[in-house]
file start_16.txt (compact mmCIF, C-alpha atoms)
# COMPACT_ATOMS: atom_id res chain seq x y z
CA GLY A 1 -24.01 -4.80 1.58
CA ALA A 2 -23.95 -1.21 0.43
CA GLY A 3 -20.40 -0.60 1.58
CA VAL A 4 -17.39 -2.37 3.05
CA SER A 5 -17.99 -3.20 6.67
CA GLN A 6 -15.20 -3.81 9.18
CA THR A 7 -15.52 -5.09 12.72
CA PRO A 8 -14.56 -4.29 15.35
CA SER A 9 -14.03 -0.59 14.77
CA ASN A 10 -11.74 -0.50 17.79
CA LYS A 11 -9.82 -3.26 19.50
CA VAL A 12 -7.57 -2.90 22.51
CA THR A 13 -5.56 -5.95 23.47
CA GLU A 14 -2.54 -6.91 25.51
CA LYS A 15 0.80 -7.88 24.11
CA GLY A 16 0.91 -11.58 23.29
CA LYS A 17 -2.82 -12.00 22.69
CA TYR A 18 -4.55 -13.26 19.55
CA VAL A 19 -6.73 -10.92 17.49
CA GLU A 20 -9.17 -11.38 14.63
CA LEU A 21 -10.38 -8.54 12.43
CA ARG A 22 -13.30 -9.06 10.10
CA CYS A 23 -14.13 -7.55 6.72
CA ASP A 24 -17.44 -7.82 4.88
CA PRO A 25 -16.93 -6.56 1.31
CA ILE A 26 -19.43 -5.14 -1.13
CA SER A 27 -21.68 -7.90 -2.40
CA GLY A 28 -20.38 -9.30 -5.68
CA HIS A 29 -16.87 -7.89 -5.33
CA THR A 30 -14.45 -10.71 -6.02
CA ALA A 31 -11.26 -8.90 -4.98
CA LEU A 32 -10.55 -8.08 -1.34
CA TYR A 33 -7.54 -6.24 0.04
CA TRP A 34 -6.04 -5.73 3.47
CA TYR A 35 -3.85 -2.75 4.27
CA ARG A 36 -2.27 -1.45 7.46
CA GLN A 37 -2.05 2.28 8.13
CA SER A 38 0.14 3.66 10.87
CA LEU A 39 -0.22 7.22 12.10
CA GLY A 40 0.94 9.69 9.45
CA GLN A 41 1.65 6.99 6.90
CA GLY A 42 0.02 5.73 3.74
CA PRO A 43 -1.81 2.41 3.52
CA GLU A 44 0.73 -0.40 3.55
CA PHE A 45 -0.26 -3.40 1.43
CA LEU A 46 -0.63 -6.69 3.31
CA ILE A 47 -2.54 -9.17 1.14
CA TYR A 48 -5.19 -9.41 -1.51
CA PHE A 49 -7.64 -12.14 -2.45
CA GLN A 50 -9.16 -12.92 -5.80
CA GLY A 51 -12.12 -15.06 -4.83
CA THR A 52 -11.14 -17.49 -2.08
CA GLY A 53 -7.44 -17.61 -2.82
CA ALA A 54 -4.72 -15.24 -1.68
CA ALA A 55 -3.37 -13.86 -4.97
CA ASP A 56 -0.54 -11.92 -3.32
CA ASP A 57 0.42 -12.10 0.36
CA SER A 58 3.83 -10.50 -0.06
CA GLY A 59 2.96 -7.67 2.32
CA LEU A 60 2.30 -9.79 5.40
CA PRO A 61 5.13 -8.76 7.74
CA ASN A 62 5.76 -12.17 9.29
CA ASP A 63 4.16 -15.50 10.08
CA ARG A 64 2.15 -14.06 12.98
CA PHE A 65 -0.17 -12.55 10.37
CA PHE A 66 -2.61 -14.68 8.43
CA ALA A 67 -5.78 -13.98 6.45
CA VAL A 68 -8.54 -16.17 5.11
CA ARG A 69 -11.54 -15.80 2.85
CA PRO A 70 -13.08 -19.28 2.83
CA GLU A 71 -16.22 -18.57 0.84
CA GLY A 72 -14.99 -15.73 -1.32
CA SER A 73 -16.88 -13.08 0.59
CA VAL A 74 -16.09 -12.25 4.23
CA SER A 75 -12.42 -12.19 5.16
CA THR A 76 -10.69 -12.43 8.52
CA LEU A 77 -7.25 -11.07 9.30
CA LYS A 78 -5.66 -13.00 12.15
CA ILE A 79 -2.75 -11.77 14.23
CA GLN A 80 -1.08 -14.12 16.68
CA ARG A 81 1.09 -13.13 19.64
CA THR A 82 0.42 -9.45 19.10
CA GLU A 83 3.22 -6.94 19.63
CA ARG A 84 3.06 -3.22 20.37
CA GLY A 85 4.34 -2.53 16.86
CA ASP A 86 1.19 -4.11 15.43
CA SER A 87 -0.82 -1.13 16.64
CA ALA A 88 -2.32 0.55 13.59
CA VAL A 89 -5.54 0.97 11.65
CA TYR A 90 -6.23 -2.09 9.54
CA LEU A 91 -8.08 -1.19 6.37
CA CYS A 92 -10.06 -3.50 4.18
CA ALA A 93 -11.10 -2.68 0.61
CA SER A 94 -12.92 -4.51 -2.12
CA SER A 95 -13.24 -4.16 -5.88
CA PRO A 96 -15.09 -5.91 -8.70
CA GLY A 97 -11.78 -7.63 -9.39
CA SER A 98 -11.97 -7.88 -13.15
CA SER A 99 -8.79 -5.92 -13.85
CA GLY A 100 -5.98 -3.91 -12.36
CA ALA A 101 -7.99 -0.81 -13.20
CA ASN A 102 -10.56 -1.56 -10.58
CA VAL A 103 -11.24 1.13 -8.05
CA LEU A 104 -11.04 0.16 -4.40
CA THR A 105 -13.87 0.87 -2.01
CA PHE A 106 -12.52 1.09 1.52
CA GLY A 107 -14.09 0.35 4.85
CA ALA A 108 -13.76 2.62 7.86
CA GLY A 109 -10.99 0.47 9.31
CA SER A 110 -10.33 -1.42 12.53
CA ARG A 111 -8.10 0.45 14.95
CA LEU A 112 -5.90 -2.01 16.83
CA THR A 113 -4.08 -0.93 19.97
CA VAL A 114 -1.68 -3.36 21.59
CA LEU A 115 -0.76 -2.42 25.15
CA ALA B 1 9.59 -3.11 -7.86
CA GLN B 2 6.80 -0.59 -7.76
CA LYS B 3 7.11 2.57 -5.69
CA VAL B 4 5.12 5.75 -5.20
CA THR B 5 6.74 8.86 -3.74
CA GLN B 6 4.87 11.86 -2.40
CA ALA B 7 7.64 14.16 -1.27
CA GLN B 8 5.34 16.81 0.22
CA THR B 9 4.40 15.66 3.69
CA GLU B 10 2.25 18.67 4.53
CA ILE B 11 0.98 21.70 2.66
CA SER B 12 -0.93 24.61 4.13
CA VAL B 13 -2.50 27.33 2.00
CA VAL B 14 -5.09 30.03 2.43
CA GLU B 15 -8.54 29.42 0.99
CA LYS B 16 -8.92 30.27 -2.71
CA GLU B 17 -5.26 29.66 -3.46
CA ASP B 18 -4.33 27.03 -6.03
CA VAL B 19 -2.29 24.08 -4.78
CA THR B 20 -0.48 21.22 -6.52
CA LEU B 21 0.23 17.86 -4.93
CA ASP B 22 3.15 15.97 -6.44
CA CYS B 23 3.35 12.25 -7.14
CA VAL B 24 6.30 10.39 -8.66
CA TYR B 25 6.15 6.67 -9.36
CA GLU B 26 8.46 3.83 -10.32
CA THR B 27 7.46 0.69 -12.17
CA ARG B 28 8.96 -1.75 -14.64
CA ASP B 29 5.58 -2.35 -16.23
CA THR B 30 4.75 -0.71 -19.52
CA THR B 31 1.05 -0.83 -18.74
CA TYR B 32 -0.21 0.34 -15.37
CA TYR B 33 -2.81 2.46 -13.62
CA LEU B 34 -2.44 5.50 -11.41
CA PHE B 35 -4.96 6.67 -8.84
CA TRP B 36 -5.59 9.48 -6.40
CA TYR B 37 -7.53 8.88 -3.20
CA LYS B 38 -8.65 11.37 -0.55
CA GLN B 39 -8.78 10.63 3.19
CA PRO B 40 -10.82 13.30 4.98
CA PRO B 41 -10.65 13.77 8.76
CA SER B 42 -13.46 11.21 9.11
CA GLY B 43 -10.89 8.63 8.02
CA GLU B 44 -12.41 6.68 5.12
CA LEU B 45 -10.41 6.70 1.86
CA VAL B 46 -12.38 7.92 -1.13
CA PHE B 47 -11.47 7.42 -4.79
CA LEU B 48 -10.90 10.55 -6.88
CA ILE B 49 -9.45 9.56 -10.24
CA ARG B 50 -7.82 6.76 -12.25
CA ARG B 51 -5.55 7.03 -15.31
CA ASN B 52 -4.01 4.31 -17.45
CA SER B 53 -0.45 4.52 -18.70
CA PHE B 54 -1.50 4.95 -22.32
CA ASP B 55 -3.60 8.01 -21.71
CA GLU B 56 -1.48 11.09 -21.04
CA GLN B 57 -4.26 13.58 -21.58
CA ASN B 58 -4.70 15.92 -18.68
CA GLU B 59 -8.04 15.71 -16.97
CA ILE B 60 -10.14 18.38 -15.35
CA SER B 61 -13.11 17.81 -13.07
CA GLY B 62 -14.48 21.01 -11.62
CA ARG B 63 -11.78 22.55 -9.43
CA TYR B 64 -9.62 19.43 -9.70
CA SER B 65 -7.14 18.69 -12.47
CA TRP B 66 -4.52 16.03 -13.02
CA ASN B 67 -1.29 16.22 -15.03
CA PHE B 68 0.15 12.85 -16.08
CA GLN B 69 3.64 12.94 -17.61
CA LYS B 70 5.11 9.57 -18.47
CA SER B 71 8.47 11.13 -19.38
CA THR B 72 8.98 12.23 -15.78
CA SER B 73 6.94 9.42 -14.17
CA SER B 74 4.73 11.97 -12.49
CA PHE B 75 1.01 12.24 -11.85
CA ASN B 76 0.37 15.57 -10.17
CA PHE B 77 -2.92 16.81 -8.77
CA THR B 78 -3.97 20.46 -8.72
CA ILE B 79 -6.82 22.01 -6.78
CA THR B 80 -7.88 25.38 -8.10
CA ALA B 81 -9.47 27.96 -5.79
CA SER B 82 -9.07 25.69 -2.78
CA GLN B 83 -11.77 25.46 -0.13
CA VAL B 84 -11.69 24.49 3.53
CA VAL B 85 -13.54 21.27 2.64
CA ASP B 86 -10.53 20.21 0.57
CA SER B 87 -8.55 19.73 3.79
CA ALA B 88 -7.60 16.06 3.91
CA VAL B 89 -4.75 13.66 3.31
CA TYR B 90 -4.31 12.81 -0.36
CA PHE B 91 -2.73 9.58 -1.56
CA CYS B 92 -1.37 8.66 -4.95
CA ALA B 93 -1.42 4.94 -5.85
CA LEU B 94 -0.14 2.61 -8.59
CA SER B 95 -1.29 -0.77 -9.85
CA GLU B 96 -0.32 -3.19 -12.57
CA ALA B 97 -2.64 -3.49 -15.53
CA ARG B 98 -3.55 -7.13 -15.78
CA ARG B 99 -6.51 -9.40 -16.07
CA GLY B 100 -8.01 -9.93 -12.64
CA ALA B 101 -7.27 -7.89 -9.56
CA SER B 102 -3.85 -6.45 -8.91
CA LYS B 103 -1.64 -5.32 -6.04
CA ILE B 104 -2.05 -1.59 -5.44
CA ILE B 105 0.73 0.42 -3.84
CA PHE B 106 0.11 3.74 -2.09
CA GLY B 107 2.38 6.68 -1.43
CA SER B 108 2.86 8.09 2.05
CA GLY B 109 0.36 10.86 1.45
CA THR B 110 0.26 14.65 1.54
CA ARG B 111 -1.68 16.34 4.31
CA LEU B 112 -3.38 19.40 2.88
CA SER B 113 -4.70 22.11 5.18
CA ILE B 114 -6.79 24.93 3.79
CA ARG B 115 -6.97 27.92 6.12
CA PRO B 116 -10.01 30.20 5.97
call {"tool": "encode", "arguments": {"input": "start_16.txt", "output": "structure tokens"}}
result
Amino acid sequence: GAGVSQTPSNKVTEKGKYVELRCDPISGHTALYWYRQSLGQGPEFLIYFQGTGAADDSGLPNDRFFAVRPEGSVSTLKIQRTERGDSAVYLCASSPGSSGANVLTFGAGSRLTVL
Amino acid sequence: AQKVTQAQTEISVVEKEDVTLDCVYETRDTTYYLFWYKQPPSGELVFLIRRNSFDEQNEISGRYSWNFQKSTSSFNFTITASQVVDSAVYFCALSEARRGASKIIFGSGTRLSIRP
């Protein structure tokens, strides 16, 4: 597509529930990144994919968080047993992926609220 | 480990004033990239500029200019003759220079408010 698309734009859930957030990157972009942004903070790195594989998942806070990108395009961030502290805006970005110089194009984010 | 520090949490100036946003970084890499992104009130992060660690030339683009000093590990951003539309949160970021994609670390941001 023309830009990075994230769905849903807003998600309200109850503590303990399972949530999936979807990212559709720019067509042809091989690198895909997930960040989490809390109010008043900068984007916090979670994971990035180069193609289908997770190249670096060192930012995932714990084993309740998991992300996949099975066909090297769309990615899903999965959060199990959500906690109130998971409330944040989850940002997805993509880049051509050919080098560390690549510029990220961000989506509008998915705002997650855990009650 | 890589780290980006933006010590200025918020800055407020009157329109037409010049303003400088500071960015200090830490990395063990000898080759790396630095970026500035803008996040307007609408929320979506927008790329402004990229520099590589071998290019210390200052850059000017219209009212925007960037001062990269490797000796002090700083990559500061100056807006000349600020305008209300410049109001946003600005983030400095750092990535490794390597073949293939790379982890990109962001600072905590500086919220800039331009008063009319």
call {"tool": "residues_near_point", "arguments": {"input": "start_16.txt", "point": "(-1.9, 29.0, 1.0)", "cutoff": "12 Å", "atoms": "all atoms listed in the file", "output": "list in words"}}
result
Glu10, Ile11, Ser12, Val13, Val14, Glu15, Lys16, Glu17, Asp18, Val19, Thr20, Ile79, Thr80, Ala81, Ser82, Gln83, Val84, Ser87, Leu112, Ser113, Ile114, Arg115 and Pro116 of chain B
call {"tool": "residues_around", "arguments": {"input": "start_16.txt", "residues": "Leu45 (chain B)", "least_positions_apart": "2", "cutoff": "9 Å", "atoms": "only C-alpha atoms", "output": "list in words"}}
result
Thr105, Phe106, Gly107 and Ala108 of chain A; Tyr37, Lys38, Gln39, Pro40, Gly43, Phe47, Tyr90 and Phe91 of chain B
call {"tool": "interface_residues", "arguments": {"input": "start_16.txt", "of": "chain B", "to": "chain A", "cutoff": "8 Å", "atoms": "all atoms listed in the file", "output": "ChimeraX atom specification"}}
result
/B:32-33,43-47,50,52,91,95-109
call {"tool": "residues_around", "arguments": {"input": "start_16.txt", "residues": "Lys70 (chain B)", "least_positions_apart": "4", "cutoff": "12 Å", "atoms": "only C-alpha atoms", "output": "list in words"}}
result
Cys23, Val24, Tyr25, Glu26, Thr27, Thr30, Thr31, Tyr32, Tyr33, Leu34, Arg51, Asn52, Ser53, Phe54, Asp55, Glu56, Gln57, Asn58, Ser74, Phe75 and Asn76 of chain B
call {"tool": "write_last_selection", "arguments": {"input": "start_16.txt", "atoms": "C-alpha atoms", "output": "compact mmCIF listing (two decimals), in the frame of the given file"}}
result
# COMPACT_ATOMS: atom_id res chain seq x y z
CA CYS B 23 3.35 12.25 -7.14
CA VAL B 24 6.30 10.39 -8.66
CA TYR B 25 6.15 6.67 -9.36
CA GLU B 26 8.46 3.83 -10.32
CA THR B 27 7.46 0.69 -12.17
CA THR B 30 4.75 -0.71 -19.52
CA THR B 31 1.05 -0.83 -18.74
CA TYR B 32 -0.21 0.34 -15.37
CA TYR B 33 -2.81 2.46 -13.62
CA LEU B 34 -2.44 5.50 -11.41
CA ARG B 51 -5.55 7.03 -15.31
CA ASN B 52 -4.01 4.31 -17.45
CA SER B 53 -0.45 4.52 -18.70
CA PHE B 54 -1.50 4.95 -22.32
CA ASP B 55 -3.60 8.01 -21.71
CA GLU B 56 -1.48 11.09 -21.04
CA GLN B 57 -4.26 13.58 -21.58
CA ASN B 58 -4.70 15.92 -18.68
CA SER B 74 4.73 11.97 -12.49
CA PHE B 75 1.01 12.24 -11.85
CA ASN B 76 0.37 15.57 -10.17
call {"tool": "atom_distance", "arguments": {"input": "start_16.txt", "atom1": "CA of His29 (chain A)", "atom2": "CA of Ser73 (chain A)"}}
result
7.9 Å
call {"tool": "atom_distance", "arguments": {"input": "start_16.txt", "atom1": "CA of Gly85 (chain A)", "atom2": "CA of Pro61 (chain A)"}}
result
11.1 Å
call {"tool": "atom_distance", "arguments": {"input": "start_16.txt", "atom1": "CA of Asn67 (chain B)", "atom2": "CA of Pro41 (chain B)"}}
result
25.7 Å
